[in-house]
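Report on one structure; see the data block that follows.
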Amino acid sequence: MINRETIDKIMDTARIEEVVGDFVHLKKRGTSLIGNCPFHGEKTPSFHVSVTKGIYKCFGCGKGGDSVRFIMDHEKYSYPEALKFLANKYNIEVEEAELSPQDAEAQSAKESLYVVSQYAAAFFVKQLWETDEGKGIGLSYFKERGFREDILKKFEVGYSPDVWDAMTQSAINAGHKLEFLEATGLSIKNDNGKVYDRFRGRVMFPIHNFTGRIIGFGGRTLKTDKNVPKYVNSPESEIYHKSNVLYGLFHAKKAIRDLDNCYLAEGYADVLSVHQAGIENVVASSGTSLTVEQIKLIGRFTQNITILFDGDAAGIKASLRGLDMILEEGLNVKIVSFPDGHDPDSYMHHVGAGAFKTYLEQNRKDFILYKANVLLKDAGNDPIKRAGIIRDIVESIAKIPDPIKASVFIRECSSLLEIDEHILLSELNKMRSAKLKKNFDNSQRANPSSSPKPYSSGAPEPLGPPDDLWDDSAGPMGTEAPVEENEHQEKEIVRLLLAFGHEFVNWDKIDDMYIGSFIMQNLSDVEFDDPLCKRIIDYYKSEIDNGRLPTSNHFVKHEDRDIADLAITLSTSEYALSENWLNKHLIYVKDETMNLKATILGGIFHLKKRKVEKILMNLLKEIKEEKNEDNQMILMQRYGVIKGVEREISKFLGSVIVK
């Protein structure tokens with residue numbers, strides 16, 4: 001167990017913008033940093049980071065928290081694992097109390113997969129650089145292909161000896177359990193119970209996760225036997241999901257963010273070669289077809305992808321068919337193809353680093369136009385083929401969510417394809433309409449009981465409450481509104497406590513009183529209905545009674561997840577007042593801090609007003625149901641008194657808040 005002093009040091013040192021920035025490309029907007037949420041798919045950023053408050057909040061999926069919570073959510077770590085991750089990032093030594101055997105076992109299962117993977121990587125590296133077989137076969141292979149030693153060491157490239165169980169026996173002798181070696185796929189047990197290495201006789205490319213931990217491997221054979229697969233990759237495991245991983249991303253993410261572009265290659269060696277040319281913003285799809293998850297991974301850092309195609313014409317055409325999903329995710333796609341017979345690896349070594357870099361810069365083409373040129377060349381003068389290609393290209397354009405980008409490509413393709421722009425636009429609209437109809441039909445089949453909502457075209461629905469909310473038979477405020485309004489007003493009180501509770505009252509000649517204490521005193525006669533708000537208010541009151549004033553940070557980091565989530569939600573907003581109101585339009589807009597008296601008293605008395613309205617509504621109900629005239633008269637007198645209180649509150653609100 002990590003001691004309290006170490007936890008406090010980690011929490012004080014960790015910077016939310018640095019922690020999140022390792023995983024999400026953040027841009028400044030107002031007082032916040034924004035980016036695409038890493039927890040759900042989105043094309044418009046709704047993920048906000050508040051540097052001053054040390055928290056993040058997604059207004060799309062609702063996730064929020066501090067640096068530790070982000071690592072827990074993103075990496076699926078436990079609380080201690082997340083703390084250790086941050087401690088490692090900031091070079092903080094972790095002091096731990098001794099764990100019970102049960103706690104140690106619970107924490108170690110997943111961690112053991114990382115540990116054996118790291119051990120295997122170190123074993124392969126040692127074999128490459130320190131053994132005769134490794135140097136004579138593995139290292140010679142890399143040097144013959146022109147790879148520098150610094151690049152090989154940077155990517156922790158290694159060699160697995162051509163022995164049945166060399167790595168397995170070494171790991172077991174070092175104290176690692178066979179069950180974890182099997183779980184990562186490093187070791188395989190056959191039907192006869194014999195255990196052997198998966199990657200024997202291969203040069204090894206370790207695959208790192210987002211944070212630099214080794215989660216899997218790719219192994220290339222150096223044998224010419226056609227019955228032996230050229231590449232073998234780690235199987236799926238608890239720590240390795242190939243569709244969610246990009247080879248080289250750990251080494252490339254900073255360069256991708258800084259240069260606002262990601263080169264996407266096909267193989268492990270391609271990534272090493274492009275790095276050797278001095279270009280670090282390059283990744284590969286780890287021996288799999290490109291997946292939506294991988295595209296979204298790139299989209300966290302940049303909206304620009306440049307595909308590095310091999311020079312094989314048949315391979316290019318096959319790849320083109322699978323790249324439309326990049327367009328669907330709203331990313332900009334460019335293509336660089338190499339002369340026939342070359343891939344990025346071979347071409348870099350063929351022309352050298354400088355010429356390779358120049359070639360990339362001078363040969364980037366927009367994906368749509370590149371696709372049109374390639375397919376038209378193949379179609380020749382055959383009108384049937386050309387018609388099919390035109391439809392294929394328009395289908396790709398239809399996948400672009402940005403209508404401005406789509407219209408630009410339609411115009412350029414009109415000239416290239418020698419076909420009227422209006423015809424292409426008409427075809428584009430047909431395809432989009434068909435897609436919308438298909439999506440609607442699918443959603444109806446998935447949920448047949450639901451009926452289509454009005455304004456389903458995407459236009460905003462009219463603002464305001466439905467007509468039946470004002471049914472006179474339900475009383476002056478209806479039956480549901482007070483409950484909902486009470487909840488909003490109660491949350492507003494909690495928000496005011498979090499935002500201003502630690503500041504001093506500066507009105508009505510009140511001295512030496514915190515706003516938090518002032519609010520508690522003025523709401524001593526109010527009972528909160530919302531269970532979560534009530535827990536926070538009760539806790540706040542008990543802390544004040546014990547001479548302590550809780551801060552916003554206290555609730556944001558509260559061990560009760562519900563309290564922490566509400567505190568984060570109430571402490572953040574996806575909207576910020578633009579400076580242009582003053583700088584550009586010369587319009588000064590006051591914020592709530594300019595008149596704290598109105599802000600605080602407004603919150604208190606709006607809540608009291610709602611509570612009084614609820615009492616009045618209940619009294620009306622009692623009057624209607626009461627059969628005894630004397631009792632009815634008493635209730636009506638009470639109603640008159642409470643109604644007077646409501647008028648006084650309304651009068652007070654009108655005089656104070658309007659000022």
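In the structure tokens, the first chain shown is A, the next is B, and so on; residue numbers restart at 1 for each chain, and ligands run from 1 in the order shown.
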> Leaving out stretch 44-48 of chain A and any residue of its chain fewer than 6 positions from it, which residues lie within 12 Å of it when counting only C-alpha atoms, given as a PyMOL selection string?
Replying inline: chain A and resi 16-17+20-21+24-38+54-66+299-300+303+329-331+401-402+568-569+571-576
Output N, CA and C atoms for every residue in the selection just made, as a compact mmCIF listing (two decimals), in the first residue's frame.
```txt
# COMPACT_ATOMS: atom_id res chain seq x y z
N ILE A 16 -2.39 18.15 -14.78
CA ILE A 16 -3.45 17.53 -15.58
C ILE A 16 -3.21 17.70 -17.07
N GLU A 17 -2.72 18.88 -17.49
CA GLU A 17 -2.50 19.12 -18.92
C GLU A 17 -1.38 18.26 -19.47
N VAL A 20 -2.89 14.34 -19.39
CA VAL A 20 -3.85 14.13 -20.48
C VAL A 20 -3.18 14.38 -21.83
N GLY A 21 -2.28 15.36 -21.87
CA GLY A 21 -1.60 15.71 -23.13
C GLY A 21 -0.77 14.58 -23.71
N VAL A 24 -3.97 12.86 -25.50
CA VAL A 24 -4.95 13.62 -26.28
C VAL A 24 -4.30 14.90 -26.80
N HIS A 25 -4.53 15.20 -28.07
CA HIS A 25 -4.04 16.45 -28.65
C HIS A 25 -4.94 17.58 -28.17
N LEU A 26 -4.40 18.46 -27.33
CA LEU A 26 -5.19 19.52 -26.71
C LEU A 26 -4.90 20.87 -27.37
N LYS A 27 -5.97 21.64 -27.55
CA LYS A 27 -5.84 23.00 -28.07
C LYS A 27 -6.47 23.97 -27.07
N LYS A 28 -5.90 25.17 -26.99
CA LYS A 28 -6.42 26.16 -26.03
C LYS A 28 -7.70 26.77 -26.56
N ARG A 29 -8.70 26.85 -25.71
CA ARG A 29 -9.94 27.56 -26.02
C ARG A 29 -10.39 28.26 -24.75
N GLY A 30 -10.32 29.59 -24.76
CA GLY A 30 -10.67 30.34 -23.56
C GLY A 30 -9.75 29.98 -22.41
N THR A 31 -10.33 29.64 -21.28
CA THR A 31 -9.53 29.27 -20.11
C THR A 31 -9.29 27.77 -20.03
N SER A 32 -9.84 27.01 -20.99
CA SER A 32 -9.71 25.56 -20.98
C SER A 32 -8.83 25.08 -22.13
N LEU A 33 -8.48 23.81 -22.06
CA LEU A 33 -7.87 23.10 -23.18
C LEU A 33 -8.90 22.09 -23.66
N ILE A 34 -9.04 21.93 -24.97
CA ILE A 34 -10.04 21.01 -25.50
C ILE A 34 -9.39 20.03 -26.47
N GLY A 35 -10.06 18.89 -26.65
CA GLY A 35 -9.61 17.88 -27.60
C GLY A 35 -10.69 16.85 -27.79
N ASN A 36 -10.45 15.91 -28.70
CA ASN A 36 -11.40 14.81 -28.91
C ASN A 36 -11.30 13.82 -27.75
N CYS A 37 -12.44 13.43 -27.22
CA CYS A 37 -12.47 12.56 -26.05
C CYS A 37 -11.86 11.19 -26.37
N PRO A 38 -10.96 10.69 -25.52
CA PRO A 38 -10.37 9.36 -25.75
C PRO A 38 -11.27 8.22 -25.29
N GLY A 54 -7.27 21.50 -12.22
CA GLY A 54 -6.62 20.20 -12.24
C GLY A 54 -7.54 19.05 -12.57
N ILE A 55 -8.57 19.30 -13.40
CA ILE A 55 -9.54 18.25 -13.72
C ILE A 55 -9.84 18.25 -15.22
N TYR A 56 -10.40 17.12 -15.68
CA TYR A 56 -10.89 17.01 -17.05
C TYR A 56 -12.37 16.66 -16.99
N LYS A 57 -13.08 17.00 -18.06
CA LYS A 57 -14.51 16.69 -18.13
C LYS A 57 -14.91 16.57 -19.60
N CYS A 58 -15.56 15.46 -19.94
CA CYS A 58 -16.11 15.30 -21.28
C CYS A 58 -17.61 15.59 -21.22
N PHE A 59 -18.05 16.57 -22.01
CA PHE A 59 -19.46 16.92 -22.02
C PHE A 59 -20.24 16.08 -23.02
N GLY A 60 -19.53 15.11 -23.64
CA GLY A 60 -20.20 14.17 -24.52
C GLY A 60 -20.61 12.91 -23.79
N CYS A 61 -19.61 12.23 -23.18
CA CYS A 61 -19.90 10.96 -22.50
C CYS A 61 -20.01 11.13 -20.99
N GLY A 62 -19.60 12.29 -20.45
CA GLY A 62 -19.78 12.55 -19.02
C GLY A 62 -18.60 12.20 -18.14
N LYS A 63 -17.56 11.55 -18.69
CA LYS A 63 -16.42 11.16 -17.85
C LYS A 63 -15.67 12.40 -17.37
N GLY A 64 -15.14 12.32 -16.16
CA GLY A 64 -14.38 13.43 -15.62
C GLY A 64 -13.59 13.00 -14.41
N GLY A 65 -12.63 13.82 -14.02
CA GLY A 65 -11.84 13.49 -12.84
C GLY A 65 -10.51 14.23 -12.85
N ASP A 66 -9.59 13.77 -12.01
CA ASP A 66 -8.27 14.37 -11.93
C ASP A 66 -7.26 13.50 -12.69
N GLY A 299 -6.43 10.23 -34.47
CA GLY A 299 -7.23 11.44 -34.41
C GLY A 299 -7.11 12.21 -33.11
N ARG A 300 -6.59 11.57 -32.07
CA ARG A 300 -6.39 12.29 -30.81
C ARG A 300 -5.26 13.31 -30.93
N GLN A 303 -5.46 15.71 -37.17
CA GLN A 303 -6.54 15.43 -38.12
C GLN A 303 -5.97 15.10 -39.51
N GLU A 329 -14.23 9.26 -40.46
CA GLU A 329 -13.87 9.78 -39.13
C GLU A 329 -13.52 11.25 -39.17
N GLY A 330 -13.63 11.87 -40.36
CA GLY A 330 -13.41 13.31 -40.47
C GLY A 330 -11.97 13.73 -40.60
N LEU A 331 -11.04 12.77 -40.82
CA LEU A 331 -9.63 13.12 -40.94
C LEU A 331 -9.28 13.44 -42.40
N PRO A 401 -17.57 13.95 -43.60
CA PRO A 401 -18.64 14.63 -42.83
C PRO A 401 -18.69 16.14 -43.04
N ASP A 402 -17.55 16.75 -43.40
CA ASP A 402 -17.50 18.20 -43.57
C ASP A 402 -18.03 18.56 -44.96
N ILE A 568 -17.17 17.53 -10.10
CA ILE A 568 -16.49 17.85 -11.37
C ILE A 568 -17.47 18.47 -12.36
N THR A 569 -18.66 17.89 -12.45
CA THR A 569 -19.68 18.41 -13.37
C THR A 569 -20.05 19.85 -13.03
N SER A 571 -18.25 21.96 -11.40
CA SER A 571 -17.09 22.86 -11.40
C SER A 571 -16.62 23.19 -12.81
N THR A 572 -17.23 22.59 -13.83
CA THR A 572 -16.78 22.80 -15.20
C THR A 572 -17.94 23.23 -16.08
N SER A 573 -17.60 23.84 -17.19
CA SER A 573 -18.59 24.23 -18.19
C SER A 573 -17.96 24.10 -19.56
N GLU A 574 -18.73 23.63 -20.53
CA GLU A 574 -18.19 23.51 -21.88
C GLU A 574 -18.20 24.86 -22.61
N TYR A 575 -18.77 25.88 -21.97
CA TYR A 575 -18.85 27.20 -22.60
C TYR A 575 -17.99 28.20 -21.85
N ALA A 576 -17.37 29.11 -22.60
CA ALA A 576 -16.59 30.18 -22.00
C ALA A 576 -16.91 31.47 -22.72
```
>> With distances taken over only C-alpha atoms, which residue among A:Thr6, A:Ser286, A:Thr211, A:Asn261 lies nearest A:Asn233?
In response: A:Ser286
> DSSP on the backbone: what in stretch 505-627 of chain A comes out helix (DSSP H, G or I), as a PyMOL selection string?
Replying inline: chain A and resi 515-522+531-545+552-556+561-571+580-583+592-625
> With distances taken over only C-alpha atoms, which of A:Lys296, A:Lys597, A:His350, A:His275 is nearest to A:Ile515?
Replying inline: A:Lys597
>> DSSP on the backbone, strand (DSSP E or B) only: what residues of stretch 74-311 of chain A does that give? Format it as a ChimeraX atom specification.
In response: /A:96,158-160,187-189,195-197,202-208,214-221,231-233,247,262-265,282-284,304-309
>> For A:Glu421, find every residue with an atom within 8 Å (counting only C-alpha atoms), except residues of its own chain fewer than 5 positions away, and show them as number ranges by chain.
In response: A: 410-411, 414
Would you save the residues from that selection as a PDB file, in the first residue's frame, using all heavy atoms?
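Dumped everything to selection37.pdb:
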```pdb
ATOM      1  N   ILE A 410     -15.720  17.634 -54.885  1.00  0.00           N
ATOM      2  CA  ILE A 410     -16.662  17.464 -56.006  1.00  0.00           C
ATOM      3  C   ILE A 410     -16.247  18.360 -57.172  1.00  0.00           C
ATOM      4  O   ILE A 410     -16.230  17.939 -58.335  1.00  0.00           O
ATOM      5  CB  ILE A 410     -18.110  17.795 -55.555  1.00  0.00           C
ATOM      6  CG1 ILE A 410     -18.683  16.634 -54.733  1.00  0.00           C
ATOM      7  CG2 ILE A 410     -19.008  18.092 -56.749  1.00  0.00           C
ATOM      8  CD1 ILE A 410     -19.025  15.389 -55.520  1.00  0.00           C
ATOM      9  N   ARG A 411     -15.886  19.603 -56.843  1.00  0.00           N
ATOM     10  CA  ARG A 411     -15.493  20.544 -57.898  1.00  0.00           C
ATOM     11  C   ARG A 411     -14.222  20.075 -58.607  1.00  0.00           C
ATOM     12  O   ARG A 411     -14.136  20.114 -59.848  1.00  0.00           O
ATOM     13  CB  ARG A 411     -15.275  21.927 -57.283  1.00  0.00           C
ATOM     14  CG  ARG A 411     -14.976  23.020 -58.303  1.00  0.00           C
ATOM     15  CD  ARG A 411     -15.080  24.384 -57.657  1.00  0.00           C
ATOM     16  NE  ARG A 411     -16.411  24.600 -57.115  1.00  0.00           N
ATOM     17  CZ  ARG A 411     -16.678  25.470 -56.150  1.00  0.00           C
ATOM     18  NH1 ARG A 411     -15.724  26.183 -55.616  1.00  0.00           N
ATOM     19  NH2 ARG A 411     -17.911  25.624 -55.708  1.00  0.00           N
ATOM     20  N   SER A 414     -14.867  17.009 -60.679  1.00  0.00           N
ATOM     21  CA  SER A 414     -15.646  17.343 -61.869  1.00  0.00           C
ATOM     22  C   SER A 414     -14.729  17.635 -63.038  1.00  0.00           C
ATOM     23  O   SER A 414     -14.949  17.173 -64.169  1.00  0.00           O
ATOM     24  CB  SER A 414     -16.529  18.553 -61.577  1.00  0.00           C
ATOM     25  OG  SER A 414     -17.111  19.045 -62.760  1.00  0.00           O
TER      26      SER A 414
END
```
> Any idea what's packed within 10 Å of A:Lys177, counting only C-alpha atoms, ignoring anything in its chain fewer than 5 positions away? Could you give it as a ChimeraX atom specification?
Replying inline: /A:112-113,116,168,171-172,182
Atoms kept (C-alpha atoms) for selection, written as a JSON list (two decimals), in the first residue's frame:
```json
[["chain", "number", "residue", "atom", "x", "y", "z"],
["A", 112, "SER", "CA", 2.51, -9.99, -14.31],
["A", 113, "LEU", "CA", 1.67, -9.96, -18.03],
["A", 116, "VAL", "CA", 6.94, -11.15, -18.37],
["A", 168, "THR", "CA", 10.63, -19.93, -21.75],
["A", 171, "ALA", "CA", 11.96, -16.79, -17.81],
["A", 172, "ILE", "CA", 10.99, -19.73, -15.58],
["A", 182, "GLU", "CA", 1.21, -18.60, -21.96]]
```
>> I'd like the contact shell of A:Tyr539 - 10 Å cut-off, only C-alpha atoms, skipping same-chain residues fewer than 6 positions apart - returned as a PyMOL selection string.
In response: chain A and resi 533+545+550
Next, dump the selected residues to file, keeping only C-alpha atoms, as a compact mmCIF listing (two decimals), in the first residue's frame.
```
# COMPACT_ATOMS: atom_id res chain seq x y z
CA CYS A 533 -26.83 17.02 -2.83
CA ASP A 545 -19.10 22.49 12.72
CA PRO A 550 -13.96 22.03 2.68
```
